[in-house]
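Below is the file target33.cif, which contains mmCIF, C-alpha atoms.
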```cif
data_protein
loop_
_atom_site.label_atom_id
_atom_site.label_comp_id
_atom_site.auth_asym_id
_atom_site.auth_seq_id
_atom_site.Cartn_x
_atom_site.Cartn_y
_atom_site.Cartn_z
CA MET A 21 -9.66 8.24 -33.68
CA ALA A 22 -9.13 6.21 -30.48
CA GLU A 23 -5.93 6.84 -28.55
CA PRO A 24 -3.47 3.94 -28.90
CA VAL A 25 -3.29 1.55 -25.97
CA LYS A 26 -0.12 -0.34 -25.11
CA LEU A 27 0.38 -3.04 -22.53
CA PHE A 28 3.82 -3.97 -21.24
CA GLY A 29 3.71 -7.53 -20.01
CA VAL A 30 5.11 -11.04 -20.05
CA TRP A 31 3.31 -13.82 -21.94
CA ALA A 32 3.54 -16.21 -18.98
CA SER A 33 2.50 -13.70 -16.31
CA PRO A 34 -0.95 -14.00 -14.74
CA PHE A 35 -0.70 -10.30 -13.81
CA SER A 36 -0.43 -8.99 -17.37
CA TRP A 37 -2.98 -11.63 -18.41
CA ARG A 38 -5.51 -10.09 -16.01
CA VAL A 39 -5.18 -6.80 -17.86
CA GLU A 40 -5.47 -8.49 -21.26
CA THR A 41 -8.67 -10.21 -20.12
CA ALA A 42 -10.19 -6.88 -19.14
CA LEU A 43 -9.17 -5.17 -22.39
CA LYS A 44 -10.57 -8.05 -24.45
CA LEU A 45 -13.83 -8.05 -22.46
CA LYS A 46 -14.22 -4.35 -23.27
CA GLY A 47 -13.24 -4.89 -26.91
CA VAL A 48 -10.30 -2.49 -26.61
CA LYS A 49 -7.56 -2.88 -29.25
CA TYR A 50 -4.06 -2.76 -27.79
CA GLU A 51 -0.46 -3.44 -28.64
CA PHE A 52 1.21 -6.01 -26.37
CA ILE A 53 4.87 -5.33 -25.69
CA GLU A 54 6.70 -8.38 -24.37
CA GLU A 55 9.20 -7.52 -21.66
CA ASP A 56 12.32 -9.49 -20.79
CA LEU A 57 12.37 -9.20 -17.00
CA THR A 58 16.00 -10.30 -16.86
CA ASN A 59 16.84 -7.27 -19.02
CA LYS A 60 14.18 -4.62 -18.38
CA SER A 61 13.63 -2.13 -21.15
CA ASP A 62 14.27 1.61 -20.72
CA LEU A 63 10.60 2.15 -21.44
CA LEU A 64 9.46 -0.11 -18.60
CA VAL A 65 11.78 1.64 -16.17
CA LYS A 66 10.54 5.02 -17.46
CA TYR A 67 6.86 4.11 -17.15
CA ASN A 68 7.13 2.25 -13.84
CA PRO A 69 10.08 3.85 -12.04
CA VAL A 70 8.70 2.95 -8.58
CA HIS A 71 8.39 -0.83 -9.01
CA LYS A 72 9.95 -1.49 -12.44
CA LYS A 73 7.42 -4.29 -12.92
CA ILE A 74 4.84 -5.43 -15.41
CA PRO A 75 2.04 -4.96 -16.20
CA VAL A 76 2.03 -1.33 -17.27
CA LEU A 77 -0.84 0.05 -19.33
CA LEU A 78 -0.04 3.09 -21.45
CA HIS A 79 -3.05 5.17 -22.49
CA LYS A 80 -3.05 8.78 -23.73
CA GLY A 81 0.67 8.80 -23.00
CA LYS A 82 0.07 8.08 -19.30
CA PRO A 83 1.26 4.90 -17.60
CA ILE A 84 -0.99 3.01 -15.17
CA CYS A 85 0.72 0.41 -12.95
CA GLU A 86 -0.39 -2.41 -10.59
CA SER A 87 -2.84 -4.87 -12.14
CA LEU A 88 -5.80 -4.22 -9.81
CA VAL A 89 -5.41 -0.46 -10.29
CA ILE A 90 -5.27 -1.02 -14.06
CA LEU A 91 -8.45 -3.14 -13.99
CA GLU A 92 -10.37 -0.33 -12.28
CA TYR A 93 -8.94 2.20 -14.74
CA ILE A 94 -10.10 0.06 -17.68
CA ASP A 95 -13.57 -0.28 -16.18
CA GLU A 96 -13.86 3.49 -15.64
CA THR A 97 -12.46 4.46 -19.04
CA TRP A 98 -14.23 2.15 -21.49
CA LYS A 99 -17.97 1.44 -21.59
CA GLY A 100 -19.39 -1.94 -22.59
CA ILE A 101 -19.28 -4.98 -20.32
CA SER A 102 -18.92 -3.90 -16.68
CA ILE A 103 -16.05 -5.49 -14.82
CA LEU A 104 -17.17 -4.24 -11.40
CA PRO A 105 -20.85 -4.28 -10.36
CA GLU A 106 -22.86 -1.03 -10.28
CA ASP A 107 -23.99 -1.15 -6.67
CA PRO A 108 -21.47 0.33 -4.13
CA TYR A 109 -21.89 -2.57 -1.71
CA GLU A 110 -21.46 -5.19 -4.44
CA ARG A 111 -18.37 -3.28 -5.58
CA ALA A 112 -16.99 -3.33 -2.03
CA ILE A 113 -17.54 -7.09 -1.81
CA ALA A 114 -15.78 -7.60 -5.14
CA ARG A 115 -12.83 -5.42 -4.11
CA PHE A 116 -12.59 -7.29 -0.79
CA TRP A 117 -12.37 -10.71 -2.43
CA ALA A 118 -10.00 -9.48 -5.14
CA LYS A 119 -7.69 -8.16 -2.41
CA PHE A 120 -7.99 -11.42 -0.46
CA ILE A 121 -7.06 -13.48 -3.51
CA ASP A 122 -4.29 -11.14 -4.62
CA GLU A 123 -2.64 -10.54 -1.24
CA LYS A 124 -3.29 -13.73 0.72
CA CYS A 125 -4.28 -16.66 -1.52
CA ASN A 126 -1.86 -16.22 -4.38
CA HIS A 127 1.13 -15.74 -2.11
CA ALA A 128 0.24 -18.81 -0.04
CA LEU A 129 -0.39 -20.93 -3.14
CA TRP A 130 2.87 -19.83 -4.76
CA THR A 131 4.83 -20.65 -1.60
CA ALA A 132 3.04 -24.01 -1.27
CA CYS A 133 4.02 -24.94 -4.83
CA TRP A 134 7.66 -23.93 -4.67
CA SER A 135 8.82 -24.57 -1.09
CA LYS A 136 10.12 -27.86 0.31
CA ASP A 137 9.70 -30.12 3.37
CA ASN A 138 8.47 -28.43 6.57
CA GLU A 139 8.08 -25.04 4.93
CA GLN A 140 5.96 -26.62 2.22
CA GLU A 141 3.80 -28.50 4.74
CA LYS A 142 3.02 -25.24 6.56
CA ALA A 143 2.42 -23.39 3.30
CA ILE A 144 0.06 -26.09 2.03
CA GLU A 145 -1.95 -25.93 5.24
CA GLU A 146 -2.25 -22.15 4.98
CA ALA A 147 -3.12 -22.27 1.28
CA CYS A 148 -5.83 -24.86 1.93
CA GLU A 149 -7.42 -22.64 4.57
CA PHE A 150 -7.61 -19.78 2.09
CA LEU A 151 -8.98 -22.06 -0.62
CA LYS A 152 -11.65 -23.30 1.81
CA THR A 153 -12.70 -19.69 2.36
CA LEU A 154 -13.02 -19.17 -1.39
CA GLU A 155 -14.84 -22.48 -1.78
CA THR A 156 -17.46 -21.29 0.70
CA GLN A 157 -17.69 -17.85 -0.92
CA LEU A 158 -18.46 -19.35 -4.34
CA LYS A 159 -21.65 -20.90 -2.89
CA GLY A 160 -22.10 -22.97 -6.05
CA ASN A 161 -22.31 -19.83 -8.25
CA LYS A 162 -21.06 -20.05 -11.80
CA PHE A 163 -18.59 -17.21 -11.22
CA PHE A 164 -17.56 -15.11 -8.20
CA GLY A 165 -19.52 -12.30 -9.85
CA GLY A 166 -22.64 -14.46 -10.24
CA GLU A 167 -23.79 -15.47 -13.71
CA THR A 168 -21.08 -13.66 -15.64
CA ILE A 169 -17.34 -13.20 -15.32
CA GLY A 170 -16.27 -10.11 -13.37
CA PHE A 171 -13.57 -8.39 -11.35
CA VAL A 172 -12.95 -11.21 -8.86
CA ASP A 173 -12.89 -13.90 -11.56
CA ILE A 174 -10.34 -11.88 -13.55
CA VAL A 175 -8.15 -11.42 -10.46
CA ALA A 176 -8.47 -15.13 -9.55
CA ASN A 177 -6.86 -16.14 -12.84
CA PHE A 178 -3.85 -17.69 -11.09
CA ILE A 179 -6.19 -20.21 -9.49
CA GLY A 180 -8.21 -20.44 -12.69
CA PHE A 181 -5.39 -21.53 -14.95
CA TRP A 182 -1.84 -21.16 -13.67
CA LEU A 183 -2.20 -23.19 -10.46
CA GLY A 184 -3.17 -26.40 -12.23
CA ILE A 185 -0.18 -26.09 -14.55
CA ILE A 186 2.31 -25.34 -11.77
CA GLN A 187 0.90 -28.21 -9.69
CA GLU A 188 1.61 -30.51 -12.60
CA ALA A 189 5.08 -29.04 -13.12
CA VAL A 190 6.14 -29.55 -9.49
CA GLY A 191 4.12 -32.73 -8.78
CA LEU A 192 1.77 -31.28 -6.17
CA GLU A 193 -1.94 -32.06 -5.65
CA LEU A 194 -3.35 -29.14 -3.75
CA LEU A 195 -6.58 -28.13 -5.43
CA THR A 196 -8.51 -31.37 -5.93
CA VAL A 197 -12.14 -31.90 -6.88
CA GLU A 198 -12.69 -33.97 -3.72
CA LYS A 199 -11.59 -31.15 -1.43
CA PHE A 200 -12.77 -28.15 -3.50
CA PRO A 201 -15.69 -29.11 -5.79
CA ASN A 202 -17.03 -25.53 -6.13
CA LEU A 203 -13.61 -24.15 -7.03
CA CYS A 204 -13.01 -26.91 -9.57
CA LYS A 205 -16.39 -26.20 -11.19
CA TRP A 206 -15.49 -22.50 -11.21
CA ILE A 207 -12.15 -23.28 -12.90
CA ASP A 208 -14.05 -25.18 -15.57
CA ASN A 209 -16.42 -22.24 -16.08
CA TYR A 210 -13.50 -19.81 -16.12
CA VAL A 211 -11.40 -21.58 -18.77
CA ASN A 212 -14.47 -22.20 -20.93
CA CYS A 213 -15.63 -18.59 -20.84
CA PRO A 214 -15.32 -17.52 -24.52
CA VAL A 215 -13.06 -14.48 -24.02
CA ILE A 216 -10.80 -16.52 -21.72
CA LYS A 217 -10.75 -19.69 -23.84
CA ALA A 218 -9.82 -17.83 -27.02
CA ASN A 219 -6.88 -16.02 -25.46
CA LEU A 220 -5.20 -18.05 -22.72
CA PRO A 221 -1.48 -18.66 -23.10
CA PRO A 222 -0.80 -22.16 -24.55
CA ARG A 223 -0.96 -24.73 -21.74
CA ASP A 224 1.91 -26.88 -22.98
CA GLU A 225 4.19 -23.87 -23.31
CA LEU A 226 3.34 -22.68 -19.80
CA LEU A 227 3.94 -26.17 -18.44
CA ALA A 228 7.35 -26.31 -20.11
CA TYR A 229 8.10 -22.81 -18.77
CA PHE A 230 7.43 -23.84 -15.17
CA LYS A 231 9.05 -27.26 -15.47
CA ALA A 232 12.23 -25.54 -16.68
CA ARG A 233 12.21 -23.42 -13.55
CA GLN A 234 12.41 -25.76 -10.60
CA GLN A 235 13.64 -22.67 -8.81
CA PRO A 236 10.60 -20.37 -8.99
CA PRO A 237 10.74 -17.03 -10.75
CA THR A 238 11.40 -14.35 -8.10
CA GLY A 239 8.19 -14.59 -6.07
CA PRO A 240 4.57 -14.23 -7.17
CA LYS A 241 5.04 -10.86 -8.91
CA TYR A 242 7.42 -11.48 -11.80
CA MET B 279 -27.55 3.81 12.06
CA ILE B 280 -24.06 3.65 10.63
CA LYS B 281 -21.50 2.00 12.89
CA LEU B 282 -17.73 2.01 12.77
CA VAL B 283 -15.93 -0.66 14.78
CA GLY B 284 -12.41 0.53 15.44
CA PHE B 285 -9.35 0.84 17.63
CA TRP B 286 -8.33 4.32 18.82
CA VAL B 287 -4.79 4.41 17.40
CA SER B 288 -5.29 2.38 14.22
CA PRO B 289 -4.37 4.29 11.06
CA PHE B 290 -6.78 2.07 9.15
CA VAL B 291 -9.68 3.07 11.39
CA LEU B 292 -8.79 6.76 11.51
CA ARG B 293 -8.82 7.16 7.76
CA VAL B 294 -12.40 5.83 7.74
CA SER B 295 -13.59 8.10 10.55
CA TRP B 296 -11.94 11.08 8.84
CA ALA B 297 -13.73 10.20 5.59
CA LEU B 298 -17.11 9.97 7.31
CA LYS B 299 -16.56 13.30 9.07
CA LEU B 300 -15.47 15.02 5.84
CA LYS B 301 -18.69 13.82 4.24
CA GLY B 302 -20.74 14.94 7.25
CA VAL B 303 -22.02 11.39 7.80
CA GLU B 304 -23.20 10.66 11.35
CA TYR B 305 -22.12 7.35 12.81
CA GLU B 306 -21.75 5.44 16.04
CA TYR B 307 -18.19 4.53 16.97
CA ILE B 308 -17.58 1.23 18.75
CA GLU B 309 -14.13 0.82 20.32
CA GLU B 310 -12.74 -2.68 20.01
CA ASP B 311 -10.04 -4.19 22.18
CA VAL B 312 -7.97 -5.75 19.39
CA PHE B 313 -5.99 -7.83 21.91
CA ASN B 314 -9.19 -9.41 23.19
CA LYS B 315 -11.48 -9.51 20.18
CA SER B 316 -15.21 -9.35 20.77
CA PRO B 317 -17.76 -11.82 19.38
CA LEU B 318 -19.16 -8.84 17.45
CA LEU B 319 -15.90 -8.29 15.55
CA LEU B 320 -15.46 -12.00 14.83
CA GLU B 321 -19.01 -12.14 13.50
CA LEU B 322 -18.64 -9.00 11.37
CA ASN B 323 -15.19 -9.83 9.96
CA PRO B 324 -14.74 -13.60 10.12
CA VAL B 325 -12.12 -13.69 7.34
CA HIS B 326 -9.58 -11.25 8.80
CA LYS B 327 -10.95 -10.57 12.34
CA LYS B 328 -9.69 -6.99 12.09
CA VAL B 329 -10.81 -3.40 12.41
CA PRO B 330 -12.10 -1.25 10.84
CA VAL B 331 -15.54 -2.60 10.07
CA LEU B 332 -18.21 -0.29 8.68
CA VAL B 333 -21.82 -1.34 9.18
CA HIS B 334 -24.34 0.52 6.99
CA GLY B 335 -27.78 -1.01 7.33
CA HIS B 336 -27.40 -4.62 6.20
CA ASN B 337 -24.05 -3.86 4.57
CA VAL B 338 -20.86 -4.86 6.35
CA ILE B 339 -17.69 -3.57 4.73
CA VAL B 340 -14.12 -4.33 5.81
CA GLU B 341 -10.60 -3.36 4.62
CA SER B 342 -10.05 0.36 5.06
CA LEU B 343 -9.29 1.31 1.45
CA VAL B 344 -12.30 -0.71 0.29
CA ILE B 345 -14.38 1.15 2.90
CA LEU B 346 -13.09 4.55 1.67
CA GLU B 347 -14.26 3.74 -1.87
CA TYR B 348 -17.63 2.53 -0.54
CA ILE B 349 -18.07 5.75 1.42
CA ASP B 350 -17.15 7.83 -1.64
CA GLU B 351 -19.60 5.94 -3.87
CA THR B 352 -22.43 5.97 -1.33
CA TRP B 353 -22.29 9.60 -0.17
CA LYS B 354 -21.70 11.91 -3.11
CA GLN B 355 -20.97 15.15 -1.22
CA TYR B 356 -17.28 16.08 -0.80
CA PRO B 357 -15.78 13.63 -3.34
CA LEU B 358 -12.69 11.91 -1.97
CA LEU B 359 -11.31 10.40 -5.18
CA PRO B 360 -10.55 12.62 -8.17
CA GLN B 361 -12.93 12.63 -11.18
CA GLU B 362 -10.55 11.58 -13.97
CA PRO B 363 -9.78 7.84 -14.28
CA CYS B 364 -6.02 8.42 -14.61
CA ASP B 365 -5.98 10.60 -11.47
CA ARG B 366 -8.04 7.99 -9.63
CA ALA B 367 -5.59 5.30 -10.72
CA ASN B 368 -2.71 7.48 -9.53
CA ALA B 369 -4.32 7.93 -6.09
CA ARG B 370 -4.97 4.19 -5.75
CA PHE B 371 -1.41 3.40 -6.84
CA TRP B 372 0.18 5.65 -4.22
CA ALA B 373 -2.17 4.49 -1.45
CA LYS B 374 -1.10 0.90 -2.19
CA PHE B 375 2.57 1.90 -2.31
CA ALA B 376 2.40 3.70 1.05
CA GLU B 377 0.68 0.70 2.65
CA GLU B 378 2.86 -2.04 1.20
CA LYS B 379 6.20 -0.26 1.34
CA LEU B 380 6.45 2.90 3.43
CA MET B 381 4.34 1.73 6.35
CA LYS B 382 5.98 -1.71 6.59
CA ASN B 383 9.48 -0.30 6.20
CA SER B 384 9.08 2.51 8.73
CA TRP B 385 7.44 0.18 11.26
CA THR B 386 10.32 -2.28 10.93
CA ALA B 387 12.90 0.50 11.12
CA MET B 388 11.28 1.55 14.42
CA SER B 389 10.94 -1.92 15.90
CA SER B 390 14.23 -3.53 14.91
CA GLN B 391 17.88 -3.11 15.82
CA GLY B 392 21.36 -3.07 14.35
CA ASP B 393 21.83 -3.88 10.66
CA GLU B 394 18.18 -4.71 10.09
CA LYS B 395 17.25 -1.28 11.45
CA LYS B 396 19.75 0.48 9.13
CA LEU B 397 18.46 -1.41 6.11
CA PHE B 398 14.82 -0.64 6.77
CA LEU B 399 15.53 2.98 7.58
CA GLN B 400 17.28 3.33 4.23
CA SER B 401 14.28 1.74 2.47
CA THR B 402 11.93 4.07 4.37
CA LEU B 403 13.85 7.14 3.21
CA GLU B 404 13.82 5.90 -0.39
CA ASP B 405 10.05 5.35 -0.16
CA LEU B 406 9.53 8.82 1.28
CA GLU B 407 11.56 10.36 -1.56
CA LYS B 408 9.00 8.91 -3.96
CA ILE B 409 6.11 10.34 -1.92
CA GLU B 410 7.92 13.70 -1.85
CA GLY B 411 8.20 13.57 -5.63
CA GLU B 412 4.48 12.90 -5.91
CA LEU B 413 3.68 15.97 -3.78
CA LYS B 414 5.71 18.44 -5.84
CA GLY B 415 3.47 21.03 -7.49
CA LYS B 416 0.34 19.50 -5.92
CA GLY B 417 -0.78 22.40 -3.77
CA LYS B 418 -1.99 22.05 -0.19
CA TYR B 419 -2.81 18.37 -0.32
CA PHE B 420 -2.34 15.30 -2.54
CA GLY B 421 -5.92 16.04 -3.59
CA GLY B 422 -5.00 19.63 -4.59
CA GLU B 423 -6.86 22.32 -2.68
CA ASN B 424 -9.05 19.80 -0.87
CA LEU B 425 -8.12 16.90 1.36
CA GLY B 426 -8.91 13.64 -0.47
CA TYR B 427 -8.51 9.88 -0.66
CA LEU B 428 -4.74 9.84 -0.86
CA ASP B 429 -4.36 12.34 1.99
CA LEU B 430 -6.56 10.09 4.14
CA ALA B 431 -4.63 6.99 3.06
CA LEU B 432 -1.32 8.65 4.00
CA GLY B 433 -2.58 10.55 7.05
CA TRP B 434 -0.99 7.99 9.37
CA ILE B 435 2.39 9.52 8.51
CA THR B 436 1.47 12.67 10.43
CA TYR B 437 0.95 10.99 13.78
CA LEU B 438 2.73 7.64 13.65
CA VAL B 439 6.06 8.57 12.06
CA PRO B 440 6.98 11.30 14.61
CA VAL B 441 6.24 8.82 17.42
CA TRP B 442 8.17 6.02 15.71
CA GLU B 443 11.11 8.37 15.13
CA ASP B 444 11.21 9.11 18.85
CA ILE B 445 10.83 5.55 20.03
CA GLY B 446 13.12 4.05 17.42
CA SER B 447 15.72 6.82 17.70
CA ILE B 448 15.61 7.40 13.96
CA THR B 449 15.15 10.44 11.74
CA ILE B 450 12.75 10.05 8.88
CA LEU B 451 10.90 13.33 8.36
CA ASP B 452 13.84 15.65 7.76
CA PRO B 453 12.26 18.99 6.64
CA VAL B 454 15.35 19.81 4.58
CA LYS B 455 15.18 16.52 2.65
CA PHE B 456 11.39 16.44 2.49
CA PRO B 457 10.07 20.03 2.33
CA CYS B 458 6.86 19.14 0.45
CA THR B 459 5.99 16.31 2.83
CA THR B 460 6.69 18.58 5.80
CA ALA B 461 4.40 21.30 4.40
CA TRP B 462 1.72 18.72 3.59
CA MET B 463 1.86 17.41 7.17
CA GLN B 464 1.25 20.89 8.56
CA ASN B 465 -1.71 21.43 6.22
CA PHE B 466 -3.11 18.03 7.12
CA LEU B 467 -2.72 18.49 10.88
CA ASN B 468 -4.37 21.92 10.72
CA HIS B 469 -7.45 20.72 8.87
CA PRO B 470 -10.46 21.17 11.20
CA VAL B 471 -11.77 17.60 10.72
CA ILE B 472 -8.36 16.07 11.40
CA LYS B 473 -7.65 18.30 14.41
CA GLU B 474 -10.85 17.12 16.07
CA ASP B 475 -10.16 13.43 15.58
CA PHE B 476 -6.54 12.78 16.39
CA PRO B 477 -5.00 10.28 18.81
CA PRO B 478 -3.26 11.92 21.82
CA ARG B 479 0.53 11.98 21.47
CA ASP B 480 1.36 10.69 24.94
CA LYS B 481 -1.05 7.76 24.69
CA THR B 482 0.24 6.92 21.20
CA ASP B 483 3.82 7.10 22.41
CA PHE B 484 3.14 4.77 25.34
CA TYR B 485 1.25 2.31 23.14
CA PHE B 486 4.09 1.97 20.63
CA ARG B 487 6.82 1.86 23.25
CA THR B 488 5.05 -1.10 24.77
CA ARG B 489 4.62 -2.76 21.35
CA ARG B 490 8.29 -2.24 20.53
CA GLU B 491 9.38 -3.80 23.80
CA GLU B 492 7.17 -6.81 23.14
CA ILE B 493 8.65 -7.25 19.65
CA LEU B 494 12.22 -6.94 20.89
CA ALA B 495 11.51 -9.38 23.73
CA LEU B 496 10.23 -11.90 21.16
CA VAL B 497 13.32 -11.46 19.02
CA GLY B 498 15.37 -11.96 22.17
CA SER B 499 18.62 -10.34 21.09
CA PRO B 500 20.45 -7.98 23.47
CA SER B 501 20.10 -4.30 22.68
CA LYS B 502 22.78 -3.16 20.29
CA GLY B 503 21.33 0.38 19.96
#
```
So that I can check it, write out the structure of this file as structure tokens.
Amino acid sequence: MAEPVKLFGVWASPFSWRVETALKLKGVKYEFIEEDLTNKSDLLVKYNPVHKKIPVLLHKGKPICESLVILEYIDETWKGISILPEDPYERAIARFWAKFIDEKCNHALWTACWSKDNEQEKAIEEACEFLKTLETQLKGNKFFGGETIGFVDIVANFIGFWLGIIQEAVGLELLTVEKFPNLCKWIDNYVNCPVIKANLPPRDELLAYFKARQQPPTGPKY
Amino acid sequence: MIKLVGFWVSPFVLRVSWALKLKGVEYEYIEEDVFNKSPLLLELNPVHKKVPVLVHGHNVIVESLVILEYIDETWKQYPLLPQEPCDRANARFWAKFAEEKLMKNSWTAMSSQGDEKKLFLQSTLEDLEKIEGELKGKGKYFGGENLGYLDLALGWITYLVPVWEDIGSITILDPVKFPCTTAWMQNFLNHPVIKEDFPPRDKTDFYFRTRREEILALVGSPSKG
């Protein structure tokens, strides 16, 4: 009998959503445990004592933390659809872009959405530079991974779904089809990918969630 | 020919050269002046314009932890990452933690002053307690009996922290508080591959003294000690 899999997350979090995408792609059954980050559970603190953050994957009684680390764990543990490519160089390219999106892009985009005045102007400029880099990298491909969804697409979920909603919530037009046609096409491909489409959090609920928070949740990792 | 573009004191470059040497992979080292970046570096790493860059045939790989995984997947002798997925995840987790927390906090503790310095020193010590906890019962290295991925990712502690302690007038690596880390450092420093490829202490000291002075001059506040 398969060992139970649990995922500690937050329904609105792109970070726990990344892990859910990977589990669903692999066809892995799991129990989702919703965390209240304003009142963290004893279990979350026990399983992630270093950061006390979601997502945490629990498998065979062992916790795995940090979404990109979890994605690699999922790919190595369960067969089926490959999240990372087979070839070491292709894997290195995928890891590079995932890191770029996770560490540079997302932070800049988040700041651009939630800051004001001069700070926002600077943040928008920086975010646009990063988006231009991604636009070029897509080279008109259906996904970052080529013909099928992969590691980089999963990690880019904030751009794929959350960014459009937050832009609407705060009244910002950053990622437009005129400036970023490849990225907009990619977003379309991403949200229409069957495993994504069937499982995304409800758009209207996410919109309400971000509209209610004109002060952003505490930074990109919440 | 395999090429590694690097900078002599960079912890990110050193971990890559250590990995190649552990695997017995021959390569050509190209020293880069990171304060006056060459057209070669800008061509090889246009996104970040940083070292290290590994060139393997037509393949150009950047970001040191990405390079370590590429090296481990390309050359199968002397595995750097553990075999089991949960152990691999653990190694990746701690490498990320050391980079994002311990390195940033200890650097800032070294290069700042007054209250900011106290705050970052406290954070550094808390980070190191977690690393100490991870080492308990591990054996000689994070990798067990053999030096591995996490040892390479944390190797910078062995040569940068003692220098930063000196320059910043701070104590981080207290052997009483951190006996496992202290023992690990000795094992690491005595490994034949590491011994052969280690930045000279006096040069490292001078380099970081100069960097610290530049940072403090930018901040512009008078020295409060």
Item checked: Between CA of Val65 in chain A and CA of Ile186 in chain A - distance in Å to one decimal -> 28.9 Å
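If only C-alpha atoms are the atoms counted, then among A:Leu195, A:Cys133, A:Val70, A:Ala189 the closest residue to Ile409 in chain B is A:Val70.
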Next item on the list: Return as an MDAnalysis selection string the set of residues that the PyMOL selection byres ((chain B) within 6 of (chain A)) yields on the displayed structure.
Entry: chainID B and resid 344 348 351 363 367
Residues from the last selection, C-alpha atoms, saved as a compact mmCIF listing (two decimals), keeping the file's coordinate frame:
```txt
# COMPACT_ATOMS: atom_id res chain seq x y z
CA VAL B 344 -12.30 -0.71 0.29
CA TYR B 348 -17.63 2.53 -0.54
CA GLU B 351 -19.60 5.94 -3.87
CA PRO B 363 -9.78 7.84 -14.28
CA ALA B 367 -5.59 5.30 -10.72
```
Notebook entry, point to check: Do you know which residues are at most 10 Å from Tyr419 in chain B counting only C-alpha atoms, after dropping those on the same chain fewer than 5 positions away, and could you put them as an NGL selection string?
Noted result: :B and (413 or 424-426 or 428-429 or 458-459 or 461-463 or 465-466)
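CA of Ser390 in chain B is found 20.8 Å from CA of Val287 in chain B.
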Notebook entry, point to check: From the list B:Gly284, B:Thr402, B:Leu298, B:Asn314, which residue is nearest Lys354 in chain B when using only C-alpha atoms?
Noted result: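 Selected residue with least distance to Lys354 in chain B: B:Leu298.
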Next item on the list: Using all atoms listed in the file, collect all residues at a distance of at most 10 Å from (9.1, 7.3, 10.4) as written in the file, then present them as a PyMOL selection string.
Entry: chain B and resi 380-381+383-388+399+402-403+406+435-452
Check: Can you tell me, as an MDAnalysis selection string, what residues are no more than 9 Å from Leu292 in chain B when counting all atoms listed in the file, ignoring any on the same chain fewer than 4 positions away?
Finding: chainID B and resid 284:288 296:297 330 430 433:434 475:477
Could you take the residues named above and write them with C-alpha atoms, as a tab-separated table (two decimals), in the coordinates of the input?
```tsv
chain	number	residue	atom	x	y	z
B	284	GLY	CA	-12.41	0.53	15.44
B	285	PHE	CA	-9.35	0.84	17.63
B	286	TRP	CA	-8.33	4.32	18.82
B	287	VAL	CA	-4.79	4.41	17.40
B	288	SER	CA	-5.29	2.38	14.22
B	296	TRP	CA	-11.94	11.08	8.84
B	297	ALA	CA	-13.73	10.20	5.59
B	330	PRO	CA	-12.10	-1.25	10.84
B	430	LEU	CA	-6.56	10.09	4.14
B	433	GLY	CA	-2.58	10.55	7.05
B	434	TRP	CA	-0.99	7.99	9.37
B	475	ASP	CA	-10.16	13.43	15.58
B	476	PHE	CA	-6.54	12.78	16.39
B	477	PRO	CA	-5.00	10.28	18.81
```
Margin query: Residue by residue, what does the PyMOL selection byres ((chain A and resi 135-147) around 10) grab here? Present the result as a PyMOL selection string.
Written below: chain A and resi 124-134+148-153+192-195+235-236
Resulting file, chosen residues, C-alpha atoms, as an mmCIF file, in the coordinates of the input:
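part-v4.cif, freshly written:
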```
data_model
loop_
_atom_site.group_PDB
_atom_site.id
_atom_site.type_symbol
_atom_site.label_atom_id
_atom_site.label_comp_id
_atom_site.auth_asym_id
_atom_site.auth_seq_id
_atom_site.Cartn_x
_atom_site.Cartn_y
_atom_site.Cartn_z
ATOM 1 C CA LYS A 124 -3.290 -13.730 0.720
ATOM 2 C CA CYS A 125 -4.280 -16.660 -1.520
ATOM 3 C CA ASN A 126 -1.860 -16.220 -4.380
ATOM 4 C CA HIS A 127 1.130 -15.740 -2.110
ATOM 5 C CA ALA A 128 0.240 -18.810 -0.040
ATOM 6 C CA LEU A 129 -0.390 -20.930 -3.140
ATOM 7 C CA TRP A 130 2.870 -19.830 -4.760
ATOM 8 C CA THR A 131 4.830 -20.650 -1.600
ATOM 9 C CA ALA A 132 3.040 -24.010 -1.270
ATOM 10 C CA CYS A 133 4.020 -24.940 -4.830
ATOM 11 C CA TRP A 134 7.660 -23.930 -4.670
ATOM 12 C CA CYS A 148 -5.830 -24.860 1.930
ATOM 13 C CA GLU A 149 -7.420 -22.640 4.570
ATOM 14 C CA PHE A 150 -7.610 -19.780 2.090
ATOM 15 C CA LEU A 151 -8.980 -22.060 -0.620
ATOM 16 C CA LYS A 152 -11.650 -23.300 1.810
ATOM 17 C CA THR A 153 -12.700 -19.690 2.360
ATOM 18 C CA LEU A 192 1.770 -31.280 -6.170
ATOM 19 C CA GLU A 193 -1.940 -32.060 -5.650
ATOM 20 C CA LEU A 194 -3.350 -29.140 -3.750
ATOM 21 C CA LEU A 195 -6.580 -28.130 -5.430
ATOM 22 C CA GLN A 235 13.640 -22.670 -8.810
ATOM 23 C CA PRO A 236 10.600 -20.370 -8.990
#
```
Let me have the centre and edge lengths in Å, one decimal, of the box along x, y and z around every listed atom of range 318-325 of chain B with 4 Å of margin on each side, as lines of an AutoDock Vina configuration file.
```
center_x = -15.6
center_y = -11.0
center_z = 12.4
size_x = 15.0
size_y = 13.4
size_z = 18.1
```
Checklist line | Explicit residue set for the PyMOL selection byres ((chain B and resi 355) around 9), as a VMD selection string | finding: chain B and resid 300 to 302 350 353 to 354 356 to 358
Item checked: Shell around Val294 in chain B at 9 Å using all atoms listed in the file, local window under 3 positions removed, as a PyMOL selection string -> chain B and resi 282+289-291+297-299+330+332+342-343+345-346+349+430
